[in-house]
Amino acid sequence: MELTGIEEVKVVVAHQGCATLRVGDVFLKVDGDQARTNVEVEAMAMAPVPTPEVLWRKPPVLALAALPGTALGRLGEPSTASPAAWAAAGAAVRKLHDAPLPPWPGRSLDELASELDRECEWLVTTGMLPADLVARNREVAEAALRPWTPVFTHGDLQVAHVFVDGDEVTGVLDWTEASQGDALFDLAILTLGHEEHLGDVAAGYGADVDLDVIRGWWSLRGLLAIRWLVEHGFDPAAPGCEIDVLRARM
């Protein structure tokens, strides 16, 4: 496939090691770690939900067709999607979780606990966050650190990665973190910063959702993400984003 007659190249996201460009109706993902791309391509082939079409792959570039519709929402911004669209997203996640497991494992409980200890220490010693805020969210995060039955998880199911057209899910993006994992982690990341839509997602998912565990994953995700976000040029202190999510637990 040749890209001809295209005047605009838009940088969708760029950070150390990875960048995504949009050229017309094609997304070009450039990743220095081809293992991540291998996971993405294999996971999309396995997932029983709509995913972007792979147009071609010439390492380090993966070309994907644009999805129809718009993102379900953005972190830090109110979502304009309907309750039915959020419920459809929950139903799509349930379909993924009911699918056969991918062959590669995710992070273990021990790995998560060690990473949490390390990041909490960094947040306090650098003065990035007040000690009481870190301590409170560290306490809340404990609820997520319990054994779970692994399912096929997307692994980075932030709201901007789910596309809808009306009340229908048209596709799910960015599968580089897909693995065996905790079902409630996906549901928590999908509703991070959009707590008011958790009920709609749970209704579409069709199963009881442990709110303490969801809150635990919200806190855990925020505590683990802040250093990475800062080091890669993102602002976790933007209104409605990670630090505000952590403050909400106070």
# chains A, B, ... in the order shown; residues from 1 in each chain; ligands from 1
>>> residues_around(residues="Gly17 of chain A", least_positions_apart="4", cutoff="9 Å", atoms="only C-alpha atoms", output="PDB file with all heavy atoms, in the first residue's frame")
ATOM      1  N   VAL A  30       5.759   3.316  15.165  1.00  0.00           N
ATOM      2  CA  VAL A  30       7.209   3.089  15.074  1.00  0.00           C
ATOM      3  C   VAL A  30       7.688   2.733  16.474  1.00  0.00           C
ATOM      4  O   VAL A  30       7.607   3.555  17.394  1.00  0.00           O
ATOM      5  CB  VAL A  30       7.942   4.344  14.556  1.00  0.00           C
ATOM      6  CG1 VAL A  30       9.426   4.041  14.359  1.00  0.00           C
ATOM      7  CG2 VAL A  30       7.310   4.830  13.251  1.00  0.00           C
ATOM      8  N   ASP A  31       8.179   1.502  16.632  1.00  0.00           N
ATOM      9  CA  ASP A  31       8.558   1.017  17.960  1.00  0.00           C
ATOM     10  C   ASP A  31       9.938   0.386  17.903  1.00  0.00           C
ATOM     11  O   ASP A  31      10.186  -0.511  17.091  1.00  0.00           O
ATOM     12  CB  ASP A  31       7.536  -0.013  18.449  1.00  0.00           C
ATOM     13  CG  ASP A  31       7.603  -0.241  19.952  1.00  0.00           C
ATOM     14  OD1 ASP A  31       8.720  -0.139  20.513  1.00  0.00           O
ATOM     15  OD2 ASP A  31       6.559  -0.520  20.564  1.00  0.00           O
ATOM     16  N   GLY A  32      10.822   0.852  18.763  1.00  0.00           N
ATOM     17  CA  GLY A  32      12.168   0.306  18.814  1.00  0.00           C
ATOM     18  C   GLY A  32      12.227  -1.073  19.424  1.00  0.00           C
ATOM     19  O   GLY A  32      13.246  -1.765  19.307  1.00  0.00           O
ATOM     20  N   ASP A  33      11.157  -1.497  20.094  1.00  0.00           N
ATOM     21  CA  ASP A  33      11.096  -2.817  20.718  1.00  0.00           C
ATOM     22  C   ASP A  33      10.110  -3.672  19.927  1.00  0.00           C
ATOM     23  O   ASP A  33       8.905  -3.588  20.115  1.00  0.00           O
ATOM     24  CB  ASP A  33      10.659  -2.684  22.177  1.00  0.00           C
ATOM     25  CG  ASP A  33      10.633  -4.014  22.912  1.00  0.00           C
ATOM     26  OD1 ASP A  33      10.811  -5.060  22.255  1.00  0.00           O
ATOM     27  OD2 ASP A  33      10.430  -4.011  24.135  1.00  0.00           O
TER      28      ASP A  33
END
>>> residues_around(residues="His97 of chain A", least_positions_apart="5", cutoff="7 Å", atoms="only C-alpha atoms", output="list of chain:residue names")
A:Val151, A:Phe152, A:Thr153, A:Ala183
>>> closest_residue(among="A:Met46, A:Ala19, A:Ala88, A:Ala65", to="Pro100 of chain A", atoms="only C-alpha atoms")
A:Met46
>>> atom_distance(atom1="atom CA of Trp104 of chain A", atom2="atom CA of Thr51 of chain A")
19.5 Å
>>> closest_residue(among="A:Cys241, A:Leu75, A:Leu133, A:Val159", to="Leu187 of chain A", atoms="only C-alpha atoms")
A:Val159
>>> select_by_dssp(residues="segment 12-235 of chain A", states="alpha helix (DSSP H)", output="PyMOL selection string")
chain A and resi 34-46+83-97+109-125+131-141+183-191+198-205+211-231
>>> closest_atom_pairs(of="segment 47-127 of chain A", to="segment 190-193 of chain A", cutoff="10 Å", atoms="only C-alpha atoms", output="CSV")
residue,atom,partner,partner_atom,distance
A:Leu72,CA,A:Leu190,CA,9.5
A:Gly73,CA,A:Leu190,CA,9.7
A:Arg74,CA,A:Gly193,CA,8.9
A:Leu75,CA,A:Gly193,CA,6.1
A:Gly76,CA,A:Gly193,CA,6.8
A:Glu77,CA,A:Gly193,CA,8.6
A:Pro78,CA,A:Gly193,CA,9.1
A:Trp86,CA,A:Thr191,CA,9.5
A:Ala89,CA,A:Leu190,CA,8.8
A:Gly90,CA,A:Leu190,CA,8.9
A:Val93,CA,A:Leu190,CA,9.5
>>> write_last_selection(atoms="N, CA and C atoms", output="PDB file, in the first residue's frame")
ATOM      1  N   LEU A  72     -14.108   6.587  23.109  1.00  0.00           N
ATOM      2  CA  LEU A  72     -15.139   6.604  24.136  1.00  0.00           C
ATOM      3  C   LEU A  72     -14.981   7.819  25.047  1.00  0.00           C
ATOM      4  N   GLY A  73     -13.756   8.291  25.219  1.00  0.00           N
ATOM      5  CA  GLY A  73     -13.489   9.464  26.028  1.00  0.00           C
ATOM      6  C   GLY A  73     -12.005   9.737  26.106  1.00  0.00           C
ATOM      7  N   ARG A  74     -11.632  10.701  26.934  1.00  0.00           N
ATOM      8  CA  ARG A  74     -10.233  11.057  27.186  1.00  0.00           C
ATOM      9  C   ARG A  74     -10.052  11.278  28.675  1.00  0.00           C
ATOM     10  N   LEU A  75      -8.931  10.864  29.197  1.00  0.00           N
ATOM     11  CA  LEU A  75      -8.640  11.122  30.600  1.00  0.00           C
ATOM     12  C   LEU A  75      -8.521  12.626  30.810  1.00  0.00           C
ATOM     13  N   GLY A  76      -9.208  13.131  31.827  1.00  0.00           N
ATOM     14  CA  GLY A  76      -9.170  14.552  32.117  1.00  0.00           C
ATOM     15  C   GLY A  76     -10.254  15.351  31.424  1.00  0.00           C
ATOM     16  N   GLU A  77     -11.093  14.684  30.610  1.00  0.00           N
ATOM     17  CA  GLU A  77     -12.176  15.368  29.916  1.00  0.00           C
ATOM     18  C   GLU A  77     -13.475  14.604  30.134  1.00  0.00           C
ATOM     19  N   PRO A  78     -14.619  15.293  30.236  1.00  0.00           N
ATOM     20  CA  PRO A  78     -15.896  14.584  30.341  1.00  0.00           C
ATOM     21  C   PRO A  78     -16.157  13.771  29.069  1.00  0.00           C
ATOM     22  N   TRP A  86     -21.023   3.087  26.864  1.00  0.00           N
ATOM     23  CA  TRP A  86     -20.187   2.584  27.957  1.00  0.00           C
ATOM     24  C   TRP A  86     -20.544   1.140  28.285  1.00  0.00           C
ATOM     25  N   ALA A  89     -19.038  -1.079  25.767  1.00  0.00           N
ATOM     26  CA  ALA A  89     -17.614  -1.286  26.054  1.00  0.00           C
ATOM     27  C   ALA A  89     -17.446  -2.368  27.112  1.00  0.00           C
ATOM     28  N   GLY A  90     -18.289  -2.346  28.141  1.00  0.00           N
ATOM     29  CA  GLY A  90     -18.232  -3.391  29.154  1.00  0.00           C
ATOM     30  C   GLY A  90     -18.500  -4.767  28.569  1.00  0.00           C
ATOM     31  N   VAL A  93     -15.440  -5.976  26.717  1.00  0.00           N
ATOM     32  CA  VAL A  93     -14.406  -6.429  27.645  1.00  0.00           C
ATOM     33  C   VAL A  93     -14.740  -7.826  28.165  1.00  0.00           C
TER      34      VAL A  93
END
>>> residues_around(residues="Ala43 of chain A", least_positions_apart="3", cutoff="12 Å", atoms="only C-alpha atoms", output="PyMOL selection string")
chain A and resi 36-40+46-52+54+96+99-104+152-155+172-180
>>> select_by_dssp(residues="segment 6-232 of chain A", states="strand (DSSP E)", output="number ranges by chain")
A: 9-15, 18-23, 26-31, 54-58, 61-65, 70-71, 151-153, 162-165, 168-172, 179-181
>>> residues_around(residues="Val61 of chain A", least_positions_apart="3", cutoff="6 Å", atoms="only C-alpha atoms", output="number ranges by chain")
A: 29-30, 57-58
>>> write_last_selection(atoms="C-alpha atoms", output="PDB file, in the first residue's frame")
ATOM      1  CA  LYS A  29       3.425   2.879  14.778  1.00  0.00           C
ATOM      2  CA  VAL A  30       7.209   3.089  15.074  1.00  0.00           C
ATOM      3  CA  ARG A  57       4.550  -4.430   8.749  1.00  0.00           C
ATOM      4  CA  LYS A  58       8.099  -3.405   7.914  1.00  0.00           C
TER       5      LYS A  58
END
>>> atom_distance(atom1="atom CA of Leu62 of chain A", atom2="atom CA of Met44 of chain A")
12.8 Å
>>> closest_residue(among="A:Leu220, A:Val12, A:Ile226, A:Ala91", to="Ala202 of chain A", atoms="only C-alpha atoms")
A:Ala91
>>> residues_around(residues="Glu242 of chain A", least_positions_apart="4", cutoff="9 Å", atoms="only C-alpha atoms", output="MDAnalysis selection string")
chainID A and resid 75:76 192:193 218:219 221:223 225:226 235:238 246:247
>>> write_last_selection(atoms="N, CA, C and O atoms", output="short mmCIF file (atom, residue, chain, number, x, y, z; two decimals), in the first residue's frame")
data_model
loop_
_atom_site.label_atom_id
_atom_site.label_comp_id
_atom_site.auth_asym_id
_atom_site.auth_seq_id
_atom_site.Cartn_x
_atom_site.Cartn_y
_atom_site.Cartn_z
N LEU A 75 -8.93 10.86 29.20
CA LEU A 75 -8.64 11.12 30.60
C LEU A 75 -8.52 12.63 30.81
O LEU A 75 -7.83 13.32 30.06
N GLY A 76 -9.21 13.13 31.83
CA GLY A 76 -9.17 14.55 32.12
C GLY A 76 -10.25 15.35 31.42
O GLY A 76 -10.34 16.56 31.62
N LEU A 192 -10.90 4.66 34.75
CA LEU A 192 -10.01 5.58 35.47
C LEU A 192 -10.35 7.03 35.10
O LEU A 192 -10.34 7.41 33.93
N GLY A 193 -10.65 7.84 36.11
CA GLY A 193 -11.01 9.23 35.85
C GLY A 193 -12.43 9.41 35.34
O GLY A 193 -12.86 10.53 35.07
N TRP A 218 -7.29 1.58 40.72
CA TRP A 218 -7.15 3.01 40.39
C TRP A 218 -5.94 3.60 41.12
O TRP A 218 -5.12 4.31 40.51
N SER A 219 -5.84 3.32 42.41
CA SER A 219 -4.71 3.84 43.19
C SER A 219 -3.39 3.23 42.73
O SER A 219 -2.39 3.93 42.56
N ARG A 221 -2.59 1.93 39.82
CA ARG A 221 -2.23 2.44 38.49
C ARG A 221 -1.64 3.84 38.59
O ARG A 221 -0.63 4.15 37.97
N GLY A 222 -2.25 4.71 39.40
CA GLY A 222 -1.73 6.06 39.55
C GLY A 222 -0.36 6.08 40.16
O GLY A 222 0.55 6.77 39.68
N LEU A 223 -0.16 5.33 41.22
CA LEU A 223 1.14 5.32 41.90
C LEU A 223 2.24 4.77 40.99
O LEU A 223 3.38 5.26 41.01
N ALA A 225 2.28 4.80 37.65
CA ALA A 225 2.40 5.47 36.36
C ALA A 225 3.12 6.81 36.42
O ALA A 225 3.66 7.26 35.40
N ILE A 226 3.12 7.47 37.57
CA ILE A 226 3.53 8.87 37.60
C ILE A 226 4.97 9.07 37.16
O ILE A 226 5.26 9.96 36.34
N ASP A 235 1.95 14.95 31.64
CA ASP A 235 1.67 15.69 32.87
C ASP A 235 0.61 14.99 33.69
O ASP A 235 -0.60 15.16 33.44
N PRO A 236 1.01 14.19 34.69
CA PRO A 236 0.01 13.50 35.51
C PRO A 236 -0.77 14.43 36.42
O PRO A 236 -1.76 14.01 37.03
N ALA A 237 -0.33 15.70 36.54
CA ALA A 237 -1.02 16.67 37.38
C ALA A 237 -2.07 17.46 36.61
O ALA A 237 -2.72 18.35 37.19
N ALA A 238 -2.26 17.18 35.33
CA ALA A 238 -3.29 17.88 34.56
C ALA A 238 -4.67 17.59 35.18
O ALA A 238 -4.88 16.52 35.76
N LEU A 246 -5.71 10.09 42.38
CA LEU A 246 -5.17 9.73 43.69
C LEU A 246 -5.74 10.62 44.80
O LEU A 246 -6.08 10.13 45.89
N ARG A 247 -5.90 11.90 44.53
CA ARG A 247 -6.46 12.80 45.53
C ARG A 247 -7.90 12.43 45.88
O ARG A 247 -8.35 12.64 47.01
#
>>> residues_around(residues="segment 108-121 of chain A", least_positions_apart="2", cutoff="8 Å", atoms="only C-alpha atoms", output="PDB file with all heavy atoms, in the first residue's frame")
ATOM      1  N   GLY A 106       1.322 -12.304  32.432  1.00  0.00           N
ATOM      2  CA  GLY A 106       1.476 -10.910  32.828  1.00  0.00           C
ATOM      3  C   GLY A 106       2.345 -10.805  34.065  1.00  0.00           C
ATOM      4  O   GLY A 106       3.026 -11.761  34.452  1.00  0.00           O
ATOM      5  N   LEU A 123       8.210   8.472  44.906  1.00  0.00           N
ATOM      6  CA  LEU A 123       7.262   9.585  44.961  1.00  0.00           C
ATOM      7  C   LEU A 123       7.474  10.439  46.209  1.00  0.00           C
ATOM      8  O   LEU A 123       7.366  11.670  46.165  1.00  0.00           O
ATOM      9  CB  LEU A 123       5.825   9.054  44.924  1.00  0.00           C
ATOM     10  CG  LEU A 123       5.361   8.451  43.594  1.00  0.00           C
ATOM     11  CD1 LEU A 123       4.053   7.688  43.785  1.00  0.00           C
ATOM     12  CD2 LEU A 123       5.208   9.524  42.525  1.00  0.00           C
ATOM     13  N   VAL A 124       7.786   9.790  47.329  1.00  0.00           N
ATOM     14  CA  VAL A 124       7.961  10.512  48.590  1.00  0.00           C
ATOM     15  C   VAL A 124       9.341  11.161  48.664  1.00  0.00           C
ATOM     16  O   VAL A 124       9.474  12.347  48.998  1.00  0.00           O
ATOM     17  CB  VAL A 124       7.745   9.566  49.786  1.00  0.00           C
ATOM     18  CG1 VAL A 124       8.096  10.279  51.099  1.00  0.00           C
ATOM     19  CG2 VAL A 124       6.295   9.090  49.828  1.00  0.00           C
ATOM     20  N   THR A 125      10.399  10.402  48.322  1.00  0.00           N
ATOM     21  CA  THR A 125      11.759  10.931  48.467  1.00  0.00           C
ATOM     22  C   THR A 125      12.037  12.067  47.493  1.00  0.00           C
ATOM     23  O   THR A 125      12.826  12.973  47.796  1.00  0.00           O
ATOM     24  CB  THR A 125      12.803   9.818  48.277  1.00  0.00           C
ATOM     25  OG1 THR A 125      12.633   9.209  46.994  1.00  0.00           O
ATOM     26  CG2 THR A 125      12.678   8.762  49.363  1.00  0.00           C
ATOM     27  N   VAL A 134       0.477   9.539  49.274  1.00  0.00           N
ATOM     28  CA  VAL A 134       1.055   8.257  48.857  1.00  0.00           C
ATOM     29  C   VAL A 134       0.630   7.154  49.818  1.00  0.00           C
ATOM     30  O   VAL A 134       0.214   6.065  49.400  1.00  0.00           O
ATOM     31  CB  VAL A 134       2.590   8.353  48.778  1.00  0.00           C
ATOM     32  CG1 VAL A 134       3.204   6.972  48.507  1.00  0.00           C
ATOM     33  CG2 VAL A 134       3.005   9.339  47.689  1.00  0.00           C
ATOM     34  N   ARG A 138      -1.486   3.940  48.868  1.00  0.00           N
ATOM     35  CA  ARG A 138      -0.810   2.655  49.060  1.00  0.00           C
ATOM     36  C   ARG A 138      -1.710   1.710  49.845  1.00  0.00           C
ATOM     37  O   ARG A 138      -1.801   0.511  49.537  1.00  0.00           O
ATOM     38  CB  ARG A 138       0.509   2.877  49.811  1.00  0.00           C
ATOM     39  CG  ARG A 138       1.289   1.599  50.137  1.00  0.00           C
ATOM     40  CD  ARG A 138       1.873   1.008  48.862  1.00  0.00           C
ATOM     41  NE  ARG A 138       2.667  -0.180  49.128  1.00  0.00           N
ATOM     42  CZ  ARG A 138       2.189  -1.409  49.331  1.00  0.00           C
ATOM     43  NH1 ARG A 138       0.881  -1.606  49.318  1.00  0.00           N
ATOM     44  NH2 ARG A 138       2.976  -2.427  49.532  1.00  0.00           N
ATOM     45  N   LEU A 145      -4.068  -6.239  45.370  1.00  0.00           N
ATOM     46  CA  LEU A 145      -2.973  -7.202  45.466  1.00  0.00           C
ATOM     47  C   LEU A 145      -3.460  -8.477  46.153  1.00  0.00           C
ATOM     48  O   LEU A 145      -3.162  -8.740  47.307  1.00  0.00           O
ATOM     49  CB  LEU A 145      -1.795  -6.588  46.216  1.00  0.00           C
ATOM     50  CG  LEU A 145      -1.134  -5.388  45.525  1.00  0.00           C
ATOM     51  CD1 LEU A 145      -0.045  -4.806  46.413  1.00  0.00           C
ATOM     52  CD2 LEU A 145      -0.569  -5.797  44.173  1.00  0.00           C
ATOM     53  N   ARG A 146      -4.256  -9.236  45.407  1.00  0.00           N
ATOM     54  CA  ARG A 146      -4.780 -10.494  45.914  1.00  0.00           C
ATOM     55  C   ARG A 146      -4.788 -11.474  44.753  1.00  0.00           C
ATOM     56  O   ARG A 146      -4.705 -11.087  43.590  1.00  0.00           O
ATOM     57  CB  ARG A 146      -6.163 -10.295  46.511  1.00  0.00           C
ATOM     58  CG  ARG A 146      -7.327 -10.365  45.519  1.00  0.00           C
ATOM     59  CD  ARG A 146      -7.491  -9.106  44.697  1.00  0.00           C
ATOM     60  NE  ARG A 146      -8.600  -9.306  43.726  1.00  0.00           N
ATOM     61  CZ  ARG A 146      -8.478  -9.106  42.427  1.00  0.00           C
ATOM     62  NH1 ARG A 146      -7.342  -8.694  41.907  1.00  0.00           N
ATOM     63  NH2 ARG A 146      -9.510  -9.305  41.618  1.00  0.00           N
ATOM     64  N   PRO A 147      -4.849 -12.779  45.036  1.00  0.00           N
ATOM     65  CA  PRO A 147      -4.856 -13.747  43.920  1.00  0.00           C
ATOM     66  C   PRO A 147      -6.069 -13.537  43.018  1.00  0.00           C
ATOM     67  O   PRO A 147      -7.144 -13.150  43.480  1.00  0.00           O
ATOM     68  CB  PRO A 147      -4.929 -15.099  44.645  1.00  0.00           C
ATOM     69  CG  PRO A 147      -4.420 -14.835  46.020  1.00  0.00           C
ATOM     70  CD  PRO A 147      -4.855 -13.430  46.349  1.00  0.00           C
ATOM     71  N   LEU A 220      -3.395   1.927  42.516  1.00  0.00           N
ATOM     72  CA  LEU A 220      -2.171   1.242  42.092  1.00  0.00           C
ATOM     73  C   LEU A 220      -1.687   1.775  40.753  1.00  0.00           C
ATOM     74  O   LEU A 220      -0.497   2.067  40.570  1.00  0.00           O
ATOM     75  CB  LEU A 220      -2.432  -0.260  42.018  1.00  0.00           C
ATOM     76  CG  LEU A 220      -1.243  -1.184  41.763  1.00  0.00           C
ATOM     77  CD1 LEU A 220      -0.174  -1.005  42.816  1.00  0.00           C
ATOM     78  CD2 LEU A 220      -1.709  -2.630  41.717  1.00  0.00           C
ATOM     79  N   LEU A 223      -0.155   5.331  41.224  1.00  0.00           N
ATOM     80  CA  LEU A 223       1.141   5.317  41.897  1.00  0.00           C
ATOM     81  C   LEU A 223       2.244   4.766  40.995  1.00  0.00           C
ATOM     82  O   LEU A 223       3.379   5.258  41.015  1.00  0.00           O
ATOM     83  CB  LEU A 223       1.050   4.483  43.179  1.00  0.00           C
ATOM     84  CG  LEU A 223       0.160   5.064  44.290  1.00  0.00           C
ATOM     85  CD1 LEU A 223      -0.061   4.032  45.386  1.00  0.00           C
ATOM     86  CD2 LEU A 223       0.764   6.349  44.864  1.00  0.00           C
ATOM     87  N   LEU A 224       1.934   3.754  40.193  1.00  0.00           N
ATOM     88  CA  LEU A 224       2.946   3.154  39.330  1.00  0.00           C
ATOM     89  C   LEU A 224       3.229   3.981  38.081  1.00  0.00           C
ATOM     90  O   LEU A 224       4.319   3.886  37.512  1.00  0.00           O
ATOM     91  CB  LEU A 224       2.511   1.749  38.900  1.00  0.00           C
ATOM     92  CG  LEU A 224       2.372   0.681  39.985  1.00  0.00           C
ATOM     93  CD1 LEU A 224       2.079  -0.671  39.342  1.00  0.00           C
ATOM     94  CD2 LEU A 224       3.614   0.602  40.847  1.00  0.00           C
ATOM     95  N   ARG A 227       5.905   8.256  37.650  1.00  0.00           N
ATOM     96  CA  ARG A 227       7.296   8.456  37.244  1.00  0.00           C
ATOM     97  C   ARG A 227       7.440   8.290  35.721  1.00  0.00           C
ATOM     98  O   ARG A 227       8.090   9.087  35.065  1.00  0.00           O
ATOM     99  CB  ARG A 227       8.228   7.477  37.949  1.00  0.00           C
ATOM    100  CG  ARG A 227       9.690   7.846  37.685  1.00  0.00           C
ATOM    101  CD  ARG A 227      10.698   6.728  37.912  1.00  0.00           C
ATOM    102  NE  ARG A 227      10.563   5.947  39.100  1.00  0.00           N
ATOM    103  CZ  ARG A 227      11.591   5.551  39.850  1.00  0.00           C
ATOM    104  NH1 ARG A 227      12.820   5.939  39.542  1.00  0.00           N
ATOM    105  NH2 ARG A 227      11.408   4.755  40.892  1.00  0.00           N
TER     106      ARG A 227
END
>>> residues_around(residues="Ala144 of chain A", least_positions_apart="6", cutoff="8 Å", atoms="only C-alpha atoms", output="JSON, numbers by chain")
{"A": [212, 213, 214, 216, 217, 220]}
>>> atom_distance(atom1="atom CA of His194 of chain A", atom2="atom CA of Ala141 of chain A")
18.0 Å
